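Undergrad: Got a structure here, written out as C-alpha cells. Questions coming.
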Amino acid sequence: HLLEIDLLRGGRRIQLAGEQPSGDYFIYLSRIQRRPNTQVWAVALRHHLPGRNWRAARDGSAGYMTTQLPIPATIVRIAPESDDTATFTLRPHRDAPTFDCARPGQFAMLSLYGAGAAAFTLSSLPRGGGPAGDVVLTIRRVGRLTTRLFCLGPGAAVGLSGPFGHGFPDDDPGCPTIYAAGGCGLSPLKAAIDVHLAERPTGTKVAIVYGARDPSTRIHRAALAQSRLERRRAHD
C-alpha cells in the first residue's frame with residue numbers, strides 16, 4: 001500500500017482523475033488491490049491529523065478515522081453508580097463517528113486541563129442500545145484526574161480522543177458465553193454484554209456472573225436488572 005500525508009503549503013499536489021476535495025492538507029491512501037483508485041481525506045487547519053480506525057477500515061463502515069489528539073467534549077449527564085463510581089455521558093463538539101463504530105472493549109482517553117489524561121473503556125455503544133453521537137464512560141474516583149472530574153457537573157468541558165485498542169471478539173454473537181466480573185471490573189465488559197444480548201440469535205445462552213464487596217458497591221444495576229428481565233422473557 002502507499003500512504004502519503006500531504007502537508008504542502010504551495011506547489012503541485014498529487015494529480016487525481018476526479019475532483020480534489022477542498023482543504024488545507026490531504027491524506028492519500030492507495031491500496032494495492034484497489035489501484036488505480038485512491039482514497040483521499042481533507043484535513044482542515046482547525047482539525048488534528050487523524051489516525052486509523054482499523055476495524056472501521058476493514059468493515060468499510062463510516063467512522064474511518066480515529067481521533068489521536070483530544071477534541072473538546074461536554075459532560076451532558078452524570079449517573080451515580082455507587083459512592084465512588086459514576087457513568088459520564090460526554091458529547092463531542094464535532095462529529096466523531098468512530099466512537100459510534102467502536103468495538104466492545106475499546107477505550108477512550110479522557111483529559112482535563114491541568115490534570116492530565118487517563119484511559120477508560122467505553123461502557124455503552126449504539127450497537128448495544130447506547131446513545132448515538134455520545135461517548136459513555138463509567139469511571140471510579142481513585143486519583144487526581146478522577147477526583148477533579150467528580151467535582152464537575154453537566155456542561156463542563158473535557159477532552160476526548162480515541163477509540164483505541166483492538167477490543168473484544170464480537171464476530172460470533174451465536175456463541176454461548178459466560179461473562180464474569182467483580183466490582184468496577186464490570187464496566188469494561190458492559191458494552192460487550194449489551195452488544196451480545198442485542199445481536200445474539202434466539203436461543204443463544206449468555207450468563208453474567210458478578211460479585212462485589214457489598215451490595216452498595218454494585219454498579220450498572222439497571223442494566224443487570226434488564227438482563228434478568230430479558231432472560232425471564234426468553235424462558236417464558
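Labeling convention for the C-alpha cells: chains A, B, ... as they appear, residues from 1 per chain, ligands from 1 in order of appearance.
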Need the shell around Asp170 of chain A: protein/DNA/RNA residues with any atom at most 9 Å away, counting only C-alpha atoms. Skip same-chain ones fewer than 5 positions apart. Format as a list in words?
TA: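 Once the nearby chain positions are removed, what remains is Arg103, Pro104, Ala192, Val195 and His196 of chain A.
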Undergrad: Looking at only C-alpha atoms, which of A:Ser187, A:Thr177, A:Thr89, A:Gln15 is the one that sits closest to Phe107 of chain A?
TA: A:Ser187
Undergrad: Give me the residues near segment 137-139 of chain A as a PDB file with N, CA and C atoms, in the first residue's frame, where near means some atom within 7 Å (using only C-alpha atoms) and where sequence neighbours in that chain fewer than 4 positions away do not count.
TA:
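Saved to result13.pdb:
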ATOM      1  N   THR A  85     -18.240   5.704  42.163  1.00  0.00           N
ATOM      2  CA  THR A  85     -18.288   5.389  40.735  1.00  0.00           C
ATOM      3  C   THR A  85     -19.503   6.056  40.092  1.00  0.00           C
ATOM      4  N   ALA A  86     -19.312   6.574  38.884  1.00  0.00           N
ATOM      5  CA  ALA A  86     -20.412   7.218  38.151  1.00  0.00           C
ATOM      6  C   ALA A  86     -20.225   6.986  36.661  1.00  0.00           C
ATOM      7  N   THR A  87     -21.327   7.049  35.933  1.00  0.00           N
ATOM      8  CA  THR A  87     -21.289   6.933  34.480  1.00  0.00           C
ATOM      9  C   THR A  87     -21.467   8.330  33.881  1.00  0.00           C
ATOM     10  N   PHE A  88     -20.485   8.743  33.073  1.00  0.00           N
ATOM     11  CA  PHE A  88     -20.473  10.060  32.453  1.00  0.00           C
ATOM     12  C   PHE A  88     -20.843   9.925  30.979  1.00  0.00           C
ATOM     13  N   THR A  89     -21.832  10.690  30.552  1.00  0.00           N
ATOM     14  CA  THR A  89     -22.180  10.764  29.128  1.00  0.00           C
ATOM     15  C   THR A  89     -21.594  12.060  28.584  1.00  0.00           C
ATOM     16  N   PHE A 120     -10.165   5.073  29.707  1.00  0.00           N
ATOM     17  CA  PHE A 120     -11.371   4.471  30.252  1.00  0.00           C
ATOM     18  C   PHE A 120     -12.094   3.714  29.138  1.00  0.00           C
ATOM     19  N   THR A 121     -12.516   2.492  29.452  1.00  0.00           N
ATOM     20  CA  THR A 121     -13.202   1.675  28.463  1.00  0.00           C
ATOM     21  C   THR A 121     -14.601   2.215  28.202  1.00  0.00           C
ATOM     22  N   LEU A 122     -15.015   2.191  26.933  1.00  0.00           N
ATOM     23  CA  LEU A 122     -16.370   2.607  26.573  1.00  0.00           C
ATOM     24  C   LEU A 122     -17.359   1.628  27.194  1.00  0.00           C
ATOM     25  N   SER A 123     -18.307   2.133  27.986  1.00  0.00           N
ATOM     26  CA  SER A 123     -19.225   1.245  28.698  1.00  0.00           C
ATOM     27  C   SER A 123     -20.583   1.136  28.033  1.00  0.00           C
ATOM     28  N   SER A 187     -17.487  -2.712  34.260  1.00  0.00           N
ATOM     29  CA  SER A 187     -17.567  -1.654  33.246  1.00  0.00           C
ATOM     30  C   SER A 187     -16.903  -2.014  31.924  1.00  0.00           C
TER      31      SER A 187
END
Undergrad: Can you check which residues of segment 61-186 of chain A DSSP gives as strand (DSSP E or B) on the backbone and send them as an MDAnalysis selection string?
TA: chainID A and resid 65:80 85:92 107:112 116:124 135:140 157:164 177:182
